[in-house]
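Next up, data39.csv (CSV, C-alpha atoms):
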```csv
chain,number,residue,atom,x,y,z
I,1,MET,CA,-26.0,48.4,-5.3
I,2,ASN,CA,-26.0,44.8,-6.6
I,3,ASP,CA,-26.5,42.1,-4.0
I,4,LEU,CA,-23.8,39.5,-3.6
I,5,PRO,CA,-24.1,36.6,-6.1
I,6,GLU,CA,-25.1,33.3,-4.6
I,7,VAL,CA,-22.3,30.7,-4.5
I,8,LEU,CA,-23.9,27.5,-5.9
I,9,ASP,CA,-20.8,25.3,-5.8
I,10,ILE,CA,-17.0,25.3,-5.4
I,11,ASN,CA,-14.8,22.6,-6.8
I,12,THR,CA,-11.0,22.1,-6.7
I,13,ILE,CA,-9.9,21.6,-10.3
I,14,ALA,CA,-6.1,21.6,-9.8
I,15,ARG,CA,-3.7,21.4,-7.0
I,16,THR,CA,0.1,21.6,-7.0
I,17,ARG,CA,2.7,22.1,-4.3
I,18,LEU,CA,2.1,25.9,-4.3
I,19,PHE,CA,-1.1,26.5,-6.1
I,20,HIS,CA,-4.7,25.5,-5.6
I,21,ILE,CA,-7.3,26.3,-8.4
I,22,GLU,CA,-11.0,26.3,-7.8
I,23,SER,CA,-14.0,26.7,-10.1
I,24,VAL,CA,-16.9,28.6,-8.5
I,25,ASP,CA,-20.5,28.4,-9.8
I,26,LEU,CA,-22.4,31.6,-9.2
I,27,MET,CA,-25.9,33.0,-9.6
I,28,PHE,CA,-25.9,36.7,-9.9
I,29,GLY,CA,-28.8,38.9,-8.5
I,30,ASN,CA,-30.2,39.3,-12.0
I,31,GLY,CA,-30.6,35.5,-12.5
I,32,GLN,CA,-27.5,35.2,-14.6
I,33,TYR,CA,-25.4,32.0,-14.0
I,34,ALA,CA,-21.6,32.2,-14.3
I,35,GLN,CA,-18.6,29.9,-13.6
I,36,PHE,CA,-15.4,31.7,-12.5
I,37,GLU,CA,-12.0,30.2,-11.8
I,38,ARG,CA,-9.7,31.5,-9.0
I,39,PHE,CA,-6.4,30.5,-7.5
I,40,MET,CA,-6.3,30.2,-3.8
I,41,GLY,CA,-3.3,30.9,-1.6
I,42,GLU,CA,-2.4,28.3,1.0
I,43,GLY,CA,-2.3,29.6,4.5
I,44,SER,CA,-2.5,33.2,5.5
I,45,GLY,CA,-1.0,35.2,2.7
I,46,SER,CA,2.3,36.9,2.5
I,47,VAL,CA,4.3,39.9,3.7
I,48,LEU,CA,6.4,42.5,2.0
I,49,VAL,CA,8.8,44.4,4.2
I,50,ILE,CA,10.6,47.7,3.4
I,51,PRO,CA,13.8,47.8,5.6
I,52,MET,CA,15.2,51.2,6.3
I,53,PRO,CA,18.8,50.9,7.5
I,54,ASP,CA,18.8,54.7,8.1
I,55,PRO,CA,16.3,57.5,7.6
I,56,GLN,CA,17.6,58.3,4.1
I,57,HIS,CA,17.7,54.8,2.6
I,58,LEU,CA,15.6,51.8,1.7
I,59,LEU,CA,17.2,48.3,1.4
I,60,LEU,CA,16.5,46.5,-1.8
I,61,LEU,CA,17.1,42.8,-2.7
I,62,ARG,CA,18.1,41.4,-6.1
I,63,GLU,CA,16.4,38.1,-6.4
I,64,TYR,CA,15.8,35.6,-9.2
I,65,ALA,CA,12.2,35.8,-10.4
I,66,VAL,CA,11.2,32.6,-12.2
I,67,GLY,CA,8.0,34.2,-13.6
I,68,TYR,CA,10.2,36.3,-15.8
I,69,GLU,CA,13.3,34.2,-15.8
I,70,ARG,CA,15.5,37.1,-14.7
I,71,TYR,CA,16.7,38.9,-11.6
I,72,GLU,CA,14.4,41.6,-10.2
I,73,LEU,CA,14.9,44.2,-7.6
I,74,GLY,CA,12.4,44.2,-4.7
I,75,PHE,CA,11.9,44.2,-1.0
I,76,VAL,CA,11.9,41.5,1.6
I,77,LYS,CA,9.0,39.1,0.8
I,78,GLY,CA,7.7,35.8,1.9
I,79,ARG,CA,4.8,33.7,3.0
I,80,ILE,CA,3.2,33.8,6.4
I,81,ASP,CA,3.7,30.3,8.0
I,82,PRO,CA,0.8,28.5,9.6
I,83,GLY,CA,0.2,29.9,13.1
I,84,GLU,CA,2.5,32.8,12.5
I,85,SER,CA,1.4,36.4,12.8
I,86,PRO,CA,2.0,38.7,9.9
I,87,ARG,CA,4.4,40.8,12.1
I,88,ASP,CA,6.4,37.7,13.1
I,89,ALA,CA,6.5,36.6,9.4
I,90,ALA,CA,7.9,40.0,8.5
I,91,LEU,CA,10.7,39.7,11.1
I,92,ARG,CA,11.5,36.2,10.2
I,93,GLU,CA,11.7,37.0,6.5
I,94,MET,CA,14.0,39.9,7.2
I,95,ARG,CA,16.3,37.8,9.3
I,96,GLU,CA,16.4,35.1,6.6
I,97,GLU,CA,16.8,37.4,3.6
I,98,ILE,CA,19.0,40.2,4.8
I,99,GLY,CA,20.2,39.0,8.2
I,100,TYR,CA,18.6,41.8,10.2
I,101,ALA,CA,15.8,42.1,12.7
I,102,ALA,CA,14.1,45.4,13.6
I,103,HIS,CA,13.0,47.3,16.7
I,104,GLU,CA,10.2,49.0,14.8
I,105,ILE,CA,7.7,47.3,12.4
I,106,VAL,CA,4.9,49.5,11.0
I,107,GLU,CA,2.0,48.1,9.0
I,108,LEU,CA,1.5,50.3,5.9
I,109,ALA,CA,-1.3,48.5,4.0
I,110,ALA,CA,-2.9,45.1,3.3
I,111,VAL,CA,-3.4,44.6,-0.4
I,112,GLY,CA,-4.6,42.0,-2.9
I,113,LEU,CA,-2.8,40.7,-5.9
I,114,THR,CA,-5.8,40.3,-8.1
I,115,PRO,CA,-9.1,40.0,-6.1
I,116,ALA,CA,-11.0,39.2,-9.3
I,117,TYR,CA,-9.0,35.9,-9.6
I,118,SER,CA,-7.5,35.1,-6.3
I,119,ASN,CA,-7.7,35.5,-2.5
I,120,TYR,CA,-3.9,36.2,-2.3
I,121,ARG,CA,-3.2,39.0,0.2
I,122,THR,CA,0.0,40.8,1.1
I,123,MET,CA,0.6,42.9,4.2
I,124,ILE,CA,3.1,45.7,3.6
I,125,PHE,CA,5.4,46.7,6.5
I,126,LEU,CA,8.1,49.3,7.1
I,127,ALA,CA,11.0,48.1,9.3
I,128,ARG,CA,13.3,50.6,11.1
I,129,GLY,CA,15.8,50.3,13.9
I,130,LEU,CA,17.6,47.4,12.2
I,131,TYR,CA,20.1,45.2,14.1
I,132,PRO,CA,22.0,42.1,12.9
I,133,ASP,CA,20.2,38.8,13.8
I,134,PRO,CA,20.6,36.4,10.9
I,135,LEU,CA,18.5,33.2,10.5
I,136,SER,CA,19.1,30.6,7.9
I,137,GLY,CA,16.4,30.5,5.2
I,138,ASP,CA,15.6,28.4,2.2
I,139,GLU,CA,17.1,30.6,-0.5
I,140,PRO,CA,19.0,28.6,-3.2
I,141,GLU,CA,21.7,31.4,-3.2
I,142,PRO,CA,22.7,34.3,-1.0
I,143,LEU,CA,20.6,37.4,-1.9
I,144,GLU,CA,22.4,40.6,-3.0
I,145,THR,CA,21.3,43.7,-1.2
I,146,MET,CA,21.5,47.4,-2.3
I,147,GLY,CA,20.8,50.6,-0.4
I,148,TRP,CA,18.6,53.0,-2.3
I,149,PRO,CA,18.2,56.7,-1.4
I,150,LEU,CA,14.7,57.7,-0.3
I,151,ARG,CA,15.1,60.9,-2.4
I,152,GLN,CA,15.6,58.9,-5.6
I,153,LEU,CA,12.4,56.8,-5.6
I,154,ASP,CA,11.5,58.2,-9.1
I,155,GLN,CA,14.6,56.6,-10.6
I,156,LEU,CA,13.8,53.3,-8.9
I,157,ARG,CA,10.2,53.3,-10.2
I,158,GLY,CA,11.5,53.8,-13.7
I,159,ARG,CA,13.8,50.8,-13.7
I,160,ASP,CA,13.1,47.8,-16.0
I,161,ASP,CA,13.9,45.4,-13.2
I,162,PHE,CA,11.6,46.9,-10.5
I,163,THR,CA,8.2,45.9,-11.8
I,164,ASP,CA,6.2,44.2,-9.1
I,165,ALA,CA,3.1,46.2,-8.5
I,166,ARG,CA,3.3,45.7,-4.8
I,167,SER,CA,7.0,46.9,-4.7
I,168,LEU,CA,6.1,50.0,-6.7
I,169,LEU,CA,3.1,50.7,-4.5
I,170,ALA,CA,5.4,50.2,-1.4
I,171,THR,CA,7.7,53.0,-2.6
I,172,TYR,CA,4.7,55.4,-2.5
I,173,LEU,CA,3.4,54.2,0.8
I,174,VAL,CA,6.8,54.6,2.6
I,175,ASP,CA,7.2,58.0,1.1
I,176,ASP,CA,3.7,59.1,2.3
I,177,TYR,CA,4.5,57.6,5.8
I,178,VAL,CA,7.8,59.3,6.2
I,179,ARG,CA,6.5,62.7,4.9
I,180,ALA,CA,3.6,62.5,7.4
I,181,GLU,CA,6.0,62.2,10.3
I,182,LYS,CA,7.8,65.4,9.4
H,1,MET,CA,26.0,40.2,-9.5
H,2,ASN,CA,24.8,36.6,-9.7
H,3,ASP,CA,24.6,35.0,-13.2
H,4,LEU,CA,21.2,33.8,-14.4
H,5,PRO,CA,20.4,30.2,-13.2
H,6,GLU,CA,20.3,27.7,-16.0
H,7,VAL,CA,16.8,26.4,-16.8
H,8,LEU,CA,17.2,22.6,-16.9
H,9,ASP,CA,13.6,21.7,-17.6
H,10,ILE,CA,10.1,23.1,-17.7
H,11,ASN,CA,6.9,21.0,-17.3
H,12,THR,CA,3.2,21.8,-17.3
H,13,ILE,CA,1.8,20.4,-14.1
H,14,ALA,CA,-1.7,21.8,-14.3
H,15,ARG,CA,-3.9,23.5,-16.8
H,16,THR,CA,-7.4,24.9,-16.5
H,17,ARG,CA,-9.5,27.2,-18.6
H,18,LEU,CA,-7.7,30.3,-17.2
H,19,PHE,CA,-4.6,29.0,-15.5
H,20,HIS,CA,-1.5,27.2,-16.6
H,21,ILE,CA,1.0,26.0,-13.9
H,22,GLU,CA,4.6,25.0,-14.7
H,23,SER,CA,7.4,23.5,-12.6
H,24,VAL,CA,10.8,24.8,-13.6
H,25,ASP,CA,14.0,22.9,-12.7
H,26,LEU,CA,16.9,25.3,-12.2
H,27,MET,CA,20.6,25.2,-11.5
H,28,PHE,CA,21.9,28.3,-9.8
H,29,GLY,CA,25.3,29.8,-10.4
H,30,ASN,CA,26.6,28.3,-7.1
H,31,GLY,CA,25.7,24.8,-8.2
H,32,GLN,CA,22.5,24.7,-6.1
H,33,TYR,CA,19.6,22.9,-7.7
H,34,ALA,CA,16.0,24.2,-7.2
H,35,GLN,CA,12.5,23.4,-8.5
H,36,PHE,CA,10.2,26.4,-8.6
H,37,GLU,CA,6.5,26.6,-9.6
H,38,ARG,CA,4.9,29.4,-11.5
H,39,PHE,CA,1.6,30.2,-13.0
H,40,MET,CA,1.6,31.5,-16.6
H,41,GLY,CA,-0.8,33.9,-18.1
H,42,GLU,CA,-2.3,32.9,-21.4
H,43,GLY,CA,-1.8,35.5,-24.2
H,44,SER,CA,-0.3,38.9,-23.8
H,45,GLY,CA,-1.3,40.0,-20.3
H,46,SER,CA,-3.9,42.4,-19.2
H,47,VAL,CA,-4.7,46.1,-19.1
H,48,LEU,CA,-6.0,48.5,-16.4
H,49,VAL,CA,-7.5,51.8,-17.5
H,50,ILE,CA,-8.2,54.8,-15.4
H,51,PRO,CA,-10.9,56.8,-17.1
H,52,MET,CA,-11.1,60.5,-16.4
H,53,PRO,CA,-14.5,61.8,-17.3
H,54,ASP,CA,-13.3,65.4,-16.5
H,55,PRO,CA,-10.0,66.8,-15.1
H,56,GLN,CA,-11.2,66.6,-11.5
H,57,HIS,CA,-12.5,63.0,-11.4
H,58,LEU,CA,-11.6,59.4,-11.9
H,59,LEU,CA,-14.3,56.8,-12.9
H,60,LEU,CA,-14.4,53.7,-10.6
H,61,LEU,CA,-16.3,50.4,-11.2
H,62,ARG,CA,-17.9,48.2,-8.6
H,63,GLU,CA,-17.4,44.6,-9.6
H,64,TYR,CA,-17.8,41.2,-8.1
H,65,ALA,CA,-14.4,39.8,-7.1
H,66,VAL,CA,-14.6,36.0,-6.8
H,67,GLY,CA,-11.2,35.8,-5.0
H,68,TYR,CA,-12.7,37.5,-2.0
H,69,GLU,CA,-16.4,36.7,-2.7
H,70,ARG,CA,-17.4,40.3,-2.4
H,71,TYR,CA,-17.7,43.5,-4.5
H,72,GLU,CA,-14.6,45.6,-5.0
H,73,LEU,CA,-14.0,49.1,-6.3
H,74,GLY,CA,-11.5,49.3,-9.1
H,75,PHE,CA,-10.7,50.6,-12.6
H,76,VAL,CA,-11.5,49.2,-16.0
H,77,LYS,CA,-9.6,45.9,-16.3
H,78,GLY,CA,-9.3,43.0,-18.7
H,79,ARG,CA,-7.2,40.6,-20.7
H,80,ILE,CA,-5.5,41.5,-24.0
H,81,ASP,CA,-7.0,39.4,-26.7
H,82,PRO,CA,-4.7,37.4,-29.1
H,83,GLY,CA,-3.5,39.7,-31.8
H,84,GLU,CA,-4.7,42.8,-30.0
H,85,SER,CA,-2.5,45.7,-29.0
H,86,PRO,CA,-2.5,46.8,-25.3
H,87,ARG,CA,-4.0,50.1,-26.4
H,88,ASP,CA,-6.8,48.5,-28.4
H,89,ALA,CA,-7.5,46.2,-25.5
H,90,ALA,CA,-7.7,49.3,-23.2
H,91,LEU,CA,-10.3,50.9,-25.5
H,92,ARG,CA,-12.3,47.8,-26.0
H,93,GLU,CA,-12.5,47.1,-22.2
H,94,MET,CA,-13.6,50.7,-21.6
H,95,ARG,CA,-16.3,50.4,-24.2
H,96,GLU,CA,-17.5,47.1,-22.8
H,97,GLU,CA,-17.3,48.0,-19.1
H,98,ILE,CA,-18.4,51.7,-19.0
H,99,GLY,CA,-19.7,52.3,-22.5
H,100,TYR,CA,-17.2,55.0,-23.3
H,101,ALA,CA,-14.2,55.3,-25.7
H,102,ALA,CA,-11.5,57.9,-25.4
H,103,HIS,CA,-9.7,60.4,-27.6
H,104,GLU,CA,-6.5,60.2,-25.4
H,105,ILE,CA,-4.9,57.0,-24.0
H,106,VAL,CA,-1.7,57.4,-22.1
H,107,GLU,CA,0.5,54.5,-20.9
H,108,LEU,CA,1.5,55.1,-17.3
H,109,ALA,CA,3.3,51.9,-16.5
H,110,ALA,CA,3.8,48.2,-17.2
H,111,VAL,CA,3.8,46.1,-14.0
H,112,GLY,CA,4.0,42.5,-12.8
H,113,LEU,CA,1.6,40.9,-10.4
H,114,THR,CA,4.2,38.7,-8.7
H,115,PRO,CA,7.3,38.1,-10.9
H,116,ALA,CA,8.6,35.5,-8.3
H,117,TYR,CA,5.7,33.2,-9.2
H,118,SER,CA,4.2,34.4,-12.5
H,119,ASN,CA,4.7,36.0,-15.8
H,120,TYR,CA,1.5,38.0,-15.5
H,121,ARG,CA,1.8,41.6,-16.7
H,122,THR,CA,-0.6,44.5,-16.6
H,123,MET,CA,-0.2,47.7,-18.6
H,124,ILE,CA,-1.7,50.7,-16.8
H,125,PHE,CA,-3.4,53.4,-18.9
H,126,LEU,CA,-5.0,56.8,-18.3
H,127,ALA,CA,-7.9,57.6,-20.6
H,128,ARG,CA,-9.2,61.1,-21.2
H,129,GLY,CA,-11.5,62.8,-23.8
H,130,LEU,CA,-14.2,60.2,-23.2
H,131,TYR,CA,-17.2,59.9,-25.5
H,132,PRO,CA,-20.1,57.4,-25.6
H,133,ASP,CA,-19.4,54.3,-27.7
H,134,PRO,CA,-20.7,51.2,-25.9
H,135,LEU,CA,-19.8,47.6,-26.9
H,136,SER,CA,-21.4,44.5,-25.5
H,137,GLY,CA,-19.1,42.5,-23.3
H,138,ASP,CA,-19.2,39.3,-21.3
H,139,GLU,CA,-20.1,40.7,-17.9
H,140,PRO,CA,-22.7,38.6,-16.0
H,141,GLU,CA,-24.4,41.8,-14.8
H,142,PRO,CA,-24.2,45.5,-15.6
H,143,LEU,CA,-21.3,47.2,-13.8
H,144,GLU,CA,-22.0,50.1,-11.4
H,145,THR,CA,-19.8,53.1,-11.9
H,146,MET,CA,-18.8,55.9,-9.5
H,147,GLY,CA,-17.0,59.2,-10.1
H,148,TRP,CA,-14.3,59.9,-7.6
H,149,PRO,CA,-12.6,63.3,-7.0
H,150,LEU,CA,-9.0,63.4,-7.8
H,151,ARG,CA,-8.5,65.5,-4.7
H,152,GLN,CA,-9.8,62.7,-2.5
H,153,LEU,CA,-7.5,59.9,-3.4
H,154,ASP,CA,-6.3,59.4,0.2
H,155,GLN,CA,-9.9,58.5,1.2
H,156,LEU,CA,-10.1,56.0,-1.7
H,157,ARG,CA,-6.8,54.4,-0.7
H,158,GLY,CA,-8.1,53.9,2.8
H,159,ARG,CA,-11.3,52.0,1.8
H,160,ASP,CA,-11.7,48.3,2.7
H,161,ASP,CA,-13.1,47.5,-0.7
H,162,PHE,CA,-10.3,49.1,-2.8
H,163,THR,CA,-7.4,46.7,-2.2
H,164,ASP,CA,-6.0,45.6,-5.5
H,165,ALA,CA,-2.3,46.5,-5.4
H,166,ARG,CA,-2.5,47.6,-9.1
H,167,SER,CA,-5.5,49.9,-8.5
H,168,LEU,CA,-3.8,51.5,-5.5
H,169,LEU,CA,-0.6,52.0,-7.5
H,170,ALA,CA,-2.7,53.5,-10.3
H,171,THR,CA,-4.0,56.2,-8.0
H,172,TYR,CA,-0.4,57.3,-7.4
H,173,LEU,CA,0.6,57.1,-11.0
H,174,VAL,CA,-2.3,59.2,-12.2
H,175,ASP,CA,-1.7,61.8,-9.5
H,176,ASP,CA,2.0,62.0,-10.5
H,177,TYR,CA,1.1,62.3,-14.2
H,178,VAL,CA,-1.5,65.0,-13.7
H,179,ARG,CA,0.7,67.0,-11.3
H,180,ALA,CA,3.6,66.9,-13.8
H,181,GLU,CA,1.4,68.5,-16.5
H,182,LYS,CA,0.7,71.5,-14.4
```
Hey, can you dump this file as structure tokens for me?
Amino acid sequence: MNDLPEVLDINTIARTRLFHIESVDLMFGNGQYAQFERFMGEGSGSVLVIPMPDPQHLLLLREYAVGYERYELGFVKGRIDPGESPRDAALREMREEIGYAAHEIVELAAVGLTPAYSNYRTMIFLARGLYPDPLSGDEPEPLETMGWPLRQLDQLRGRDDFTDARSLLATYLVDDYVRAEK
Amino acid sequence: MNDLPEVLDINTIARTRLFHIESVDLMFGNGQYAQFERFMGEGSGSVLVIPMPDPQHLLLLREYAVGYERYELGFVKGRIDPGESPRDAALREMREEIGYAAHEIVELAAVGLTPAYSNYRTMIFLARGLYPDPLSGDEPEPLETMGWPLRQLDQLRGRDDFTDARSLLATYLVDDYVRAEK
């Protein structure tokens, strides 16, 4: 197995409100020098929450995605605030985006977006035992929600407006989790 | 359903060798103004390829991931070059990273990294019928490869060094595809 490359230098080469880009000078174990770029998340990463309003349904959001300039279906998502636990962030984002809190929050996975270029991490949660407890968020418009049958996840995965790799992965994780309970 | 917001203005606010960040001024259907940031991929996106050296195994790579400053297991990955088709990019990356080409390349999915913040897209392919056909790439060190049994994907998904959401998703997609053939 290769040894870890030595980090010779790290420099911030761009910083905006949301993004922070670094160049990293590296010396690999074979003596090869390389300079890589990476974008660094501010804070502690993000959460994705799959709300289950009942044992047969997931709750989806329809939200404007500026990367594609179109609406996308997905789950509750948001950043973890400074000092906030991932679980608290999951609850807060649910209250802000769908107006519900949950009695049960289960961690399904912690994933990276693209470890080759970024330190971004997302913790994926399942939320059950929902009850109304709205909190005002910073969304520019109210988010539309849609119940989706757990038995029709294949159709959801085939949709042109359900393309976030984390959301697609989440449908498999929740399916595995619910099956394992039976 | 909400109408698409009107894009009032788009400005490049940072550009590095790999990354390009824009701010986008938007007017939502309800009259609410918002300014979002997004990072834009250069070119046509990227490919992820799952090589199957035989019907019972996947081929993994162990590659340095500068986002986490550690080695990660994953599949063949790379950018689509200008003018190159996704399928050609998949073949080229396989030849560069593992030294094999493939008689059969199947598209499994096209996914986004984070449509809320980026236009990055990855096409996920399955490659079978491998044969040696190496091509010299730009890796700073030779990549280690590892065969992984298709029947032990659960163990792979549970590893601390296999965390890219696209790689995790790919294990489910290949499993679905192979099962559907039976």
Residue hits in chain H, query chain I, radius 8 Å, all atoms listed in the file, as a VMD selection string: chain H and resid 1 4 13 to 18 24 28 30 32 to 34 36 to 40 64 to 72 110 to 120 140 to 141 144 163 to 166 168 to 169 172
Atomic distance CA of Glu84 in chain H - CA of Pro53 in chain H, expressed in Å with one decimal: 24.9 Å
Near-Arg151 in chain H list (12 Å; all atoms listed in the file; drop same-chain fewer than 4 positions) as number ranges by chain: H: 55-58, 147, 155-157, 171-172, 174-175, 178-179
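When all atoms listed in the file are used to compute distances to Arg87 in chain I, the closest of the residues I:Asp154, I:Glu42, I:His103, I:Leu8 turns out to be I:His103.
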CA of Leu91 in chain I to CA of Asp25 in chain H, distance in Å rounded to a single decimal: 29.3 Å
Counting only C-alpha atoms, the option among H:Asp138, H:Gly129, H:Met146, H:Tyr177 closest to Asp54 in chain H: H:Gly129
